[in-house]
Amino acid sequence: MAVPQQSSTGAGLHPERLYGWGMTSPSVAEVADPTALDQLSELVTGAGPRGVIARGLGRSYGDPAQNGGGRVVRTTSLNKILNIDIERGVVTAQAGVSLHQLMSTMLPLGWFVPVTPGTRYVTVGGAIGADIHGKNHHSAGSFTQHVLSMDLLGADGQIRALTPDGTPELFWATAGGMGLTGIVTQATIAFKKVETARIKADIWRAPDLDGVMAELAATDDKYPYTVAWIDCLSTGKNLGRSVLTCGDFAKLDELPAKVRREPRKFAPLSLGTVPPVPVNGLLNKMTGRVFNEMWFRKAPLRKEGVIQGVGAFFHPLDGIMEWNRVYGPAGFLQWQFVVPFGAEDTLRQIVERISAHGAPAALTVLKRFGAGNSGYLSFPTRGWTLALDFPTNTPGLATLLDGLDEKVLEAGGRLYLAKDSRMRPELLAEMYPRLEAFRKLRAEIDPHQVFMSDQARRLHL
Amino acid sequence: MKDSLGAAQSLLVLGGSSDIAMATARKMAALRTKRIYLAGRTSRQLEDNAAELRQLGATVEVVPFDAAATDDHEKVLSQVFGAGDVDVVLMAFGVLGDQAEDEKDPVRAAAVAHVNYTGAVSSGIVVAQALKKQGHGALVVLSSVAAERARKANFIYGSSKAGLDAFAQGLGDSLVGTGVHVMVVRPGFVDTKMTKGMEKAPLSTTPEAVADAILAGLRRGSHTVWAPGAFRYVMSGLRHVPRPIFRKLPM
Ligand SMILES: Cc1cc2nc3c(=O)[nH]c(=O)nc-3n(C[C@H](O)[C@H](O)[C@H](O)COP(=O)(O)OP(=O)(O)OC[C@H]3O[C@@H](n4cnc5c(N)ncnc54)[C@H](O)[C@@H]3O)c2cc1C
Ligand SMILES: NC(=O)c1ccc[n+]([C@@H]2O[C@H](COP(=O)([O-])OP(=O)(O)OC[C@H]3O[C@@H](n4cnc5c(N)ncnc54)[C@H](OP(=O)(O)O)[C@@H]3O)[C@@H](O)[C@H]2O)c1
């Protein structure tokens with residue numbers, strides 16, 4: 001009788017078809033959902049020739065958290081918050097703990113995650129693996145800069161404690177290392193002190209691209225959190241018209257009386273903020289235009305001191321679960337780049353080309369990054385970052401994006417691995433000068449490439 | 001890996017000198033496909049195809065492969081898969097035979113069936129196993145509209161393609177849930193060296209057009225592709241024409 005392949009630990013290896021948030025390029029792997037550390041280490045040492053990769057909540061857009069024909073270890077059942085130091089705001093959490101969980105636990109205690117991306121549904125492991133950034137990158141850097149220490153399970157099945165000072169190489173190779181240095185099992189993170197769980201935001205419009213760039217440049221010092229949503233479908237003099245949303249956590253005395261009674265209540269719901277996504281039916285150039293128009297008109301010309309919940313300010317899309325399905329079965333991709341300050345012409349040309357192509361890029365976000373960190377493959381570097389979504393069935397998209405990649409590279413910029421699903425592998429080494437060093441380190445610590453993902457195969461990471 | 005826009009990075013052609021395969025490989029190499037294996041019987045054409053694809057920036061390896069030599073398939077093909085993932089396998093070998101001659105010569109008739117059907121079964125099984133181990137990949141099988149209904153004018157070829165077509169469909173169904181995608185392509189009359197000197201049939205098409213249909217099918221994840229697409233409707237009509245009438249049709 002055939003015995004089904006099972007890990008002796010009972011972590012329940014089973015075949016599963018996995019893809020990223022964009023729902024493109026799936027592959028089938030043996031997936032396990034371990035609930036204890038000893039299972040985790042067996043899953044790694046017992047991995048076959050096609051290796052193993054960690055997966056969190058699968059919020060990266062492309063293929064970094066999948067491993068066709070190999071193993072995938074989903075960490076979401078390793079979701080315990082292990083220790084909270086309320087005085088210092090330092091939290092130790094297992095890798096599968098989500099930022100949502102951390103916010104619900106810590107906001108009532110007066111602490112907020114140091115960095116949050118545009119969705120709360122990412123894990124601590126995924127936040128480190130992609131070294132994620134948020135609206136406060138210019139003031140606070142990226143996620144791993146707030147990680148005081150982490151435990152990393154290596155190819156040998158051993159767990160090592162990593163700190164930025166004690167083990168800088170492995171620590172910074174893991175930050176943004178897309179799971180290829182091992183599996184982070186837990187991390188100790190320094191939180192940000194907040195008086196309330198509300199944001200005091202200023203919201204205003206900019207008429208065009210030059211306008212929004214000037215406004216953003218002028219707000220760097222004024223607000224810890226800034227972002228602009230820009231309309232990449234409008235043309236002519238409206239090209240790049242934008243809505244800026246900037247703010248900080250409100251002080252207690254800035255809250256209206258009725259909110260002041262429960263100032264630190266976590267308000268995840270973001271009802272009232274309609275993101276520019278058509279919820280019914282497919283997104284195309286027409287509906288994209290209409291929604292961009294609505295989003296733009298809905299924004300006030302200028303409104304100051306708007307009090308918003310965490311959900312509304314940071315995660316408007318989380319209000320619509322599974323919004324990725326609006327793009328239909330063909331799926332979609334996100335393209336995000338950064339170019340250095342001074343490359344404003346490049347940014348302008350890119351927006352012009354996208355607008356001229358008429359690609360229905362509805363969710364376009366522009367932001368300024370502060371200085372980068374020591375992460376070998378960490379994405380943020382000082383400059384402008386633009387992120388756009390495209391349905392994959394947009395005609396001519398492959399050629400359009402290949403051309404834009406070249407422009408980004410020429411300007412000394414790079415693409416974000418957590419979003420990439422299609423770049424030309426040859427460009428990567430030019431965009432990430434430390435890629436060679438990363439590969440060398442990986443060859444030393446994991447000579448048999450136990451840690452492997454579809455993305456690593458695709459891009460020869 | 002296939003990327004989010006459906007472009008493959010690696011391609012294995014079984015029958016590397018085929019004109020339809022070459023038209024497809026050319027288009028793929030121009031995008032992301034930079035590792036190509038041309039498996040086929042040694043010939044000038046095979047080497048020329050390899051050289052041309054190298055010109056397009058691909059790394060090309062020529063692999064000696066005879067569809068009729070089924071004993072060697074496992075050994076030859078596992079070497080290819082051993083060297084790295086293959087995203088797309090294009091099964092393009094095939095012989096048309098010469099119906100009039102083959103009807104008189106059982107050995108020749110059987111040879112057509114052997115290459116087109118037995119050779120495909122054998123290599124198809126090897127490819128399916130290898131793709132399954134990867135957890136992703138596509139097998140594209142060049143069947144024919146002739147598979148849909150055997151005509152008196154070329155029923156030896158037609159029946160071998162019918163067998164191939166049924167095999168590929170069954171294989172595809174058996175691989176659901178493994179990450180492997182099998183796509184059956186049914187071209188009509190294509191202007192290639194196989195049909196050289198023959199009178200063009202209605203709805204005839206070019207290798208380039210078939211290549212486009214293949215690439216679109218791969219992007220969409222189609223199970224069946226007709227080239228040109230109109231054949232889907234033509235054949236769905238012809239399929240139900242009663243035999244006494246079908247027999248008399250001038251085809
Ligand atoms: C709506 C939306 C908005 C977003 N906004 C932003 C944004 O503003 N800024 C930003 O930076 N990103 C943003 N992202 C991307 C997202 O933050 C990252 O892709 C993040 O890595 C997702 O975390 P995850 O837990 O889902 O990880 P997954 O997608 O499952 O995995 C991502 C990578 O991390 C690795 N990984 C996961 N767990 C571990 C572990 N325990 N140890 C080691 N490696 C591990 C994986 O192997 C993989 O390479 C956004 C995504 C969405 C869907
Ligand atoms: N052309 C059409 O009208 C048409 C229509 C429908 C379907 N098809 C099918 O499409 C496929 C490609 O055909 P094509 O039009 O591109 O014609 P082609 O250029 O003649 O290609 C067929 C190839 O098969 C190869 N081949 C034959 N026997 C082989 C063997 N034993 N081992 C390995 N390779 C062998 C041939 O190469 P060598 O002889 O050099 O080995 C030839 O290059 C075939 O399966 C064909 O049946 C063609």
# chains A, B, ... in the order shown; residues from 1 in each chain; ligands from 1
>>> residues_near_ligand(ligand="ligand 2", cutoff="8 Å", atoms="only C-alpha atoms and all ligand atoms", output="MDAnalysis selection string")
chainID B and resid 14:22 39:43 45:46 65:69 91:96 115:116 119 141:146 161 186:195 204 207
>>> residues_around(residues="Ile354 of chain A", least_positions_apart="3", cutoff="10 Å", atoms="only C-alpha atoms", output="PDB file with N, CA and C atoms, in the first residue's frame")
ATOM      1  N   CYS A 232      -2.483  58.229 -12.821  1.00  0.00           N
ATOM      2  CA  CYS A 232      -1.642  57.979 -14.000  1.00  0.00           C
ATOM      3  C   CYS A 232      -2.467  57.824 -15.266  1.00  0.00           C
ATOM      4  N   LEU A 233      -3.767  58.005 -15.192  1.00  0.00           N
ATOM      5  CA  LEU A 233      -4.595  57.866 -16.387  1.00  0.00           C
ATOM      6  C   LEU A 233      -4.965  59.214 -16.987  1.00  0.00           C
ATOM      7  N   GLN A 349       9.024  61.115 -17.252  1.00  0.00           N
ATOM      8  CA  GLN A 349       8.903  60.361 -18.511  1.00  0.00           C
ATOM      9  C   GLN A 349       8.175  59.040 -18.307  1.00  0.00           C
ATOM     10  N   ILE A 350       8.418  58.422 -17.176  1.00  0.00           N
ATOM     11  CA  ILE A 350       7.766  57.135 -16.908  1.00  0.00           C
ATOM     12  C   ILE A 350       6.250  57.340 -16.775  1.00  0.00           C
ATOM     13  N   VAL A 351       5.869  58.360 -16.011  1.00  0.00           N
ATOM     14  CA  VAL A 351       4.430  58.619 -15.844  1.00  0.00           C
ATOM     15  C   VAL A 351       3.802  58.980 -17.189  1.00  0.00           C
ATOM     16  N   HIS A 357       0.275  55.137 -22.819  1.00  0.00           N
ATOM     17  CA  HIS A 357      -0.051  53.742 -23.148  1.00  0.00           C
ATOM     18  C   HIS A 357      -1.500  53.429 -22.794  1.00  0.00           C
ATOM     19  N   GLY A 358      -2.044  54.214 -21.858  1.00  0.00           N
ATOM     20  CA  GLY A 358      -3.420  53.980 -21.453  1.00  0.00           C
ATOM     21  C   GLY A 358      -3.576  52.732 -20.614  1.00  0.00           C
ATOM     22  N   ALA A 359      -2.472  52.242 -20.045  1.00  0.00           N
ATOM     23  CA  ALA A 359      -2.573  51.065 -19.178  1.00  0.00           C
ATOM     24  C   ALA A 359      -3.390  51.436 -17.946  1.00  0.00           C
ATOM     25  N   PRO A 360      -4.395  50.652 -17.608  1.00  0.00           N
ATOM     26  CA  PRO A 360      -5.285  51.041 -16.505  1.00  0.00           C
ATOM     27  C   PRO A 360      -4.641  50.862 -15.137  1.00  0.00           C
ATOM     28  N   ALA A 361      -3.683  51.691 -14.832  1.00  0.00           N
ATOM     29  CA  ALA A 361      -3.011  51.628 -13.540  1.00  0.00           C
ATOM     30  C   ALA A 361      -3.806  52.468 -12.548  1.00  0.00           C
ATOM     31  N   LEU A 388       2.751  50.946  -8.977  1.00  0.00           N
ATOM     32  CA  LEU A 388       1.533  50.892  -9.807  1.00  0.00           C
ATOM     33  C   LEU A 388       1.057  49.462  -9.972  1.00  0.00           C
ATOM     34  N   LEU A 397       1.834  45.219 -22.348  1.00  0.00           N
ATOM     35  CA  LEU A 397       2.399  45.508 -21.030  1.00  0.00           C
ATOM     36  C   LEU A 397       3.854  45.034 -20.899  1.00  0.00           C
ATOM     37  N   LEU A 400       6.114  47.478 -22.626  1.00  0.00           N
ATOM     38  CA  LEU A 400       6.078  48.761 -21.915  1.00  0.00           C
ATOM     39  C   LEU A 400       6.978  48.687 -20.676  1.00  0.00           C
ATOM     40  N   LEU A 401       6.769  47.661 -19.862  1.00  0.00           N
ATOM     41  CA  LEU A 401       7.511  47.578 -18.600  1.00  0.00           C
ATOM     42  C   LEU A 401       8.992  47.286 -18.834  1.00  0.00           C
ATOM     43  N   LEU A 404      10.449  50.559 -19.446  1.00  0.00           N
ATOM     44  CA  LEU A 404      10.504  51.382 -18.238  1.00  0.00           C
ATOM     45  C   LEU A 404      11.592  50.887 -17.281  1.00  0.00           C
TER      46      LEU A 404
END
>>> residues_near_ligand(ligand="ligand 1", cutoff="7 Å", atoms="only C-alpha atoms and all ligand atoms", output="MDAnalysis selection string")
chainID A and resid 20:21 53:61 64:65 75 95:96 116:119 121:135 178:180 182:185 317 418:419
>>> interface_residues(of="chain A", to="chain B", cutoff="6 Å", atoms="only C-alpha atoms", output="JSON, numbers by chain")
{"A": [24, 25, 27, 28, 68, 69, 392, 421, 422, 458]}
>>> residues_around(residues="Leu139 of chain B", least_positions_apart="2", cutoff="6 Å", atoms="only C-alpha atoms", output="short mmCIF file (atom, residue, chain, number, x, y, z; two decimals) with C-alpha atoms, in the first residue's frame")
data_model
loop_
_atom_site.label_atom_id
_atom_site.label_comp_id
_atom_site.auth_asym_id
_atom_site.auth_seq_id
_atom_site.Cartn_x
_atom_site.Cartn_y
_atom_site.Cartn_z
CA VAL B 88 7.70 24.97 -21.81
CA VAL B 89 8.08 21.74 -23.78
CA VAL B 182 -0.95 20.43 -21.16
#
>>> select_by_dssp(residues="segment 74-183 of chain B", states="alpha helix (DSSP H)", output="NGL selection string")
:B and (74-82 or 99-102 or 106-113 or 119-134 or 155-174)
